[in-house]
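Everything below concerns the one structure shown next.
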Amino acid sequence: MAESGNGPLSGVRVVELAGIGPGPFAAMLLADLGADVVRVDRPGGAGLGIDPAYDITNRNKRSVLVDLKAPEGVAQVLELAERADVLLEGYRPGVAERLGVGPEECLARNPRLVYGRMTGWGQQGPLADTAGHDIGYIAITGALGMIGPPDGPPAIPANLVGDYAGGSLYLVIGVLAALQHARSEGGRGQVVDAAIVDGTAHLTAMIHGMLAAGGWQDRRGANLLDGGTPFYGAYETADGGYMAVGALEKRFYGEFIRLLGIEQEAPSRDDFAAWGELRTAIAARFKTRTREEWTAVFQESDACVAPVLSLREAPRHPHLAARGTFVDHAGITQPAPAPRFSHTPGAVRRPPAQPGADTEEIARDWQAPGLLAPPPADPAGAPPAGPSRIQQKDTAS
C-alpha cells in the first residue's frame, strides 16, 4: 500500500522536484502530516552536499532518481504528476517550463493538480530572475531591519524567518487551500506562487499596524517587542549563559522583579526616563547567579522568564521532554511533527530518503511503470554539487 501512514493528509499524493531550502521543508511538513511524498532527486544531488542520511527535511519521504534534462525523465515526472494531488517545485522562474514540467504541461495531464511554486522573489517582478538567499529576502521586506541592537548591525536569525516562516509555511498554507478548492464541487487545480518576500512581508502585518498607529518606531531596539524595553530581552548570567525575559504585562512584571530580588530598589516601569536605570539593575542582578540557578528561581512561575538554550540542550528541557517535542529516530534527535492532532496524529515514519532508493516501490504503489526505466548514471568521480546560485530556484537549470 502507499506510504502515507498516519496523519490528516493520509492519502494525499505529493511530487517534490528536489531542491534545497524552503521547498524540501514544506514537503517534509506535508509528509509529517501523512502525505505520500515522492521526492524526484536528480543525478549529483540537489546542491547542499549534505549526507542524505542526515537531511531531516527529507524524512517521511520516498525518492526516485530522474534526469530531467533527458526526455525519458520528463515523461517520468509527468507520469507522476498525472497521479498526484500536489506538485512542488522551487526552480528559478521559467526553468520548469524549459524542462517541460511546468504548470501548463502538468495541468494538461491532471486538471485537478495543485502546482506549488517556491521562490524567493516570486514569479514576476524586477528581481524575479536574479539570485538570492534568505538574508536578502528578509532585508528588503523590513523584517531583518527590526532585529538586533540599536547600536549594531541587524542580527541574522539563521534562515528561519525567510526560508521557513515566510517561505515554506506559506507554500504549505497555499497548497492546502488550493487542494481544498480542487476537491470541492466544480473545483479545479491551480498554481500557487509562494514567494519568500510576500510571506515575510505578511508576517509583519501587526507591526505595520502598530507603526501606522504610532505605537512602533521604525528603528531597532526602541519598541515593545524588539528589546527596546528593559523587561523584554535577554540578560547574561554569572556563567556566561543568558536568560530571556518577557514580562510585558504588569502582573507578570511584578512577579518578575519580586523573584529577581529587586522589588524594593527598582524604579517604576512606567517611568520611561528611568528605563536605562532599570535595565542596569536587572542586568546587574542576573550577573549574580548562574543560568541554572536563575532557571530554578523562575521555574513554574508567571514571571515569563526562560533560559536561553542551545540546539543540543533544548531536547533535554523538562517541558519539551514531557511533551515529546523532540524525538529520536534512526539515530538522529530531531523535532517531532507539528502541530498535533487528536484523531490523526502525524509521526516520524521513515528516515531521510536516499536518492533513488524507492523507485520500484513507488512504481508499484503509484502504478507508474515508466519509473522502472534504467536510472540515470551518476558520473564516476564527480565532485559533490556545491550550493546553487539561487536558493532552490536554480537547481535544475
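Identifiers in this document derive from the order of the C-alpha cells: chains are assigned A, B, ..., residues are numbered from 1 separately in each chain, and ligands are numbered from 1 in order of occurrence.
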Spatial neighbours of A:Val327, max dist 10 Å, only C-alpha atoms, sep filter under 6 positions, as a list in words
Pro315, Ala321, Thr333, Gln334, Pro335, Ala336, Pro337, Ala347 and Val348 of chain A
Considering only C-alpha atoms, return as a list in words whatever protein or nucleic-acid residues lie within 9 Å of A:Pro352, sequence-local ones (same chain, fewer than 2 positions apart) excluded.
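Contacts, with the query itself left out: Pro52, Ala53, Tyr54, Asp55, Ile56, Thr57, Asn58, Arg59, Asn60, Lys61, Arg62, Ala330, Arg350 and Gln354 of chain A.
Distances from A:Pro345, A:Gly241, A:Pro230, A:Pro8 to A:Ser268 were compared using only C-alpha atoms, and the smallest one belongs to A:Pro230.
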Straight-line distance linking atom CA of A:Val197 with atom CA of A:Met118, stated in Å to one decimal:
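Atom-to-atom, atom CA of A:Val197 and atom CA of A:Met118 are spaced 10.9 Å apart.
Near A:Ala306, within 12 Å and counting only C-alpha atoms, sit Tyr232, Gly233, Ala234, Tyr235, Gly241, Tyr242, Met243, Ala244, Val245, Gly246, Ala247, Phe256, Arg291, Glu292, Glu293, Trp294, Thr295, Ala296, Val297, Phe298, Gln299, Glu300, Ser301, Asp302, Ala314, His317 and His319 of chain A; same-chain residues fewer than 4 positions away were not included.
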Can you write just those residues out, C-alpha atoms, as a JSON list (two decimals), in the first residue's frame?
```json
[["chain", "number", "residue", "atom", "x", "y", "z"],
["A", 232, "TYR", "CA", 11.63, 42.18, 27.22],
["A", 233, "GLY", "CA", 15.09, 40.98, 26.33],
["A", 234, "ALA", "CA", 17.97, 38.67, 27.18],
["A", 235, "TYR", "CA", 20.35, 39.10, 30.11],
["A", 241, "GLY", "CA", 24.64, 31.99, 29.90],
["A", 242, "TYR", "CA", 21.54, 34.03, 29.17],
["A", 243, "MET", "CA", 18.00, 34.32, 30.49],
["A", 244, "ALA", "CA", 15.15, 35.51, 28.27],
["A", 245, "VAL", "CA", 12.72, 37.92, 29.92],
["A", 246, "GLY", "CA", 9.24, 38.60, 28.52],
["A", 247, "ALA", "CA", 7.45, 40.20, 31.46],
["A", 256, "PHE", "CA", 9.50, 39.01, 37.75],
["A", 291, "ARG", "CA", 21.80, 30.32, 34.35],
["A", 292, "GLU", "CA", 20.93, 27.09, 36.12],
["A", 293, "GLU", "CA", 20.34, 28.90, 39.40],
["A", 294, "TRP", "CA", 18.09, 31.51, 37.81],
["A", 295, "THR", "CA", 16.21, 28.78, 35.95],
["A", 296, "ALA", "CA", 15.39, 27.20, 39.30],
["A", 297, "VAL", "CA", 14.26, 30.56, 40.71],
["A", 298, "PHE", "CA", 11.80, 31.25, 37.90],
["A", 299, "GLN", "CA", 10.70, 27.69, 37.23],
["A", 300, "GLU", "CA", 6.91, 27.29, 37.00],
["A", 301, "SER", "CA", 6.34, 30.97, 37.89],
["A", 302, "ASP", "CA", 4.31, 33.54, 35.93],
["A", 314, "ALA", "CA", 16.72, 22.09, 24.00],
["A", 317, "HIS", "CA", 14.37, 20.73, 28.74],
["A", 319, "HIS", "CA", 8.79, 20.68, 29.44]]
```
Do a neighbour search on stretch 95-108 of chain A at 8 Å with only C-alpha atoms, toss out local chain neighbours closer than 3 positions, and write the hits as a ChimeraX atom specification.
/A:68-69,74,77-78,81-82,89,91-92,111-113,115,189-191,394,396-397
Give me, as a PyMOL selection string, all polymer residues having an atom no more than 8 Å from stretch 158-162 of chain A, counting only C-alpha atoms and skipping those fewer than 3 positions away in the same chain.
chain A and resi 134-135+137-138+165-167+196-197+199-200
Could you give me the residues within stretch 155-253 of chain A that DSSP places in strand (DSSP E), as JSON, numbers by chain?
{"A": [190, 191, 192, 193, 194, 195, 232, 233, 234, 235, 236, 242, 243, 244, 245, 246]}
Work out how far apart atom CA of A:Pro369 and atom CA of A:Gly187 are and give it in Å to one decimal.
29.0 Å
What residues in stretch 116-234 of chain A get the DSSP label helix (DSSP H, G or I)? Please answer as a compact mmCIF listing (two decimals) with C-alpha atoms, in the first residue's frame.
```
# COMPACT_ATOMS: atom_id res chain seq x y z
CA ASP A 134 17.12 34.26 2.86
CA ILE A 135 19.08 37.25 4.16
CA GLY A 136 18.28 39.34 1.09
CA TYR A 137 14.60 38.44 1.09
CA ILE A 138 14.08 39.45 4.72
CA ALA A 139 16.26 42.53 4.21
CA ILE A 140 14.05 44.20 1.62
CA LEU A 144 15.79 42.00 9.10
CA GLY A 145 15.99 45.69 9.94
CA MET A 146 13.84 45.11 13.03
CA LEU A 160 14.09 30.70 9.99
CA VAL A 161 12.25 33.95 9.23
CA GLY A 162 12.57 33.96 5.44
CA ASP A 163 13.06 30.46 4.10
CA TYR A 164 10.86 28.62 6.56
CA ALA A 165 8.37 31.06 8.11
CA GLY A 166 7.88 33.35 5.12
CA GLY A 167 8.53 30.62 2.56
CA SER A 168 7.78 27.02 3.49
CA LEU A 169 4.82 27.68 5.74
CA TYR A 170 3.14 29.96 3.23
CA LEU A 171 3.67 27.39 0.50
CA VAL A 172 2.01 24.75 2.68
CA ILE A 173 -0.89 27.06 3.54
CA GLY A 174 -1.38 27.91 -0.13
CA VAL A 175 -1.17 24.30 -1.27
CA LEU A 176 -3.67 23.07 1.31
CA ALA A 177 -6.10 25.89 0.49
CA ALA A 178 -5.80 25.15 -3.24
CA LEU A 179 -6.22 21.42 -2.58
CA GLN A 180 -9.45 22.11 -0.70
CA HIS A 181 -10.70 24.09 -3.68
CA ALA A 182 -9.61 21.45 -6.19
CA ARG A 183 -11.52 18.77 -4.29
CA ILE A 196 9.51 34.38 0.43
CA VAL A 197 9.30 38.16 0.11
CA ASP A 198 5.50 38.01 0.12
CA GLY A 199 5.28 35.66 3.10
CA THR A 200 7.86 37.54 5.14
CA ALA A 201 6.12 40.86 4.47
CA HIS A 202 2.84 39.25 5.53
CA LEU A 203 4.43 38.22 8.84
CA ALA A 205 1.27 42.77 9.43
CA MET A 206 0.81 43.52 13.14
CA ILE A 207 3.96 45.64 13.24
CA HIS A 208 2.75 47.71 10.28
CA GLY A 209 -0.50 48.33 12.14
CA MET A 210 1.39 49.46 15.22
CA LEU A 211 3.62 51.66 13.05
CA ALA A 212 0.60 53.36 11.49
```
Which one is closest to A:Leu278: A:Ala31, A:Ser342, A:Thr229, A:Ala368? Count only C-alpha atoms.
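So, comparing all the options, the nearest one is A:Thr229.
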Test item: residues at most 12 Å from A:Pro267, only C-alpha atoms, excluding those fewer than 2 positions along its chain, as a ChimeraX atom specification
/A:230,257,262-265,269-282
As a ChimeraX atom specification, please: the residues near stretch 13-17 of chain A (cut-off 8 Å, only C-alpha atoms, same-chain neighbours under 6 positions excluded).
/A:23-24,27,35-41,80-81,83-90
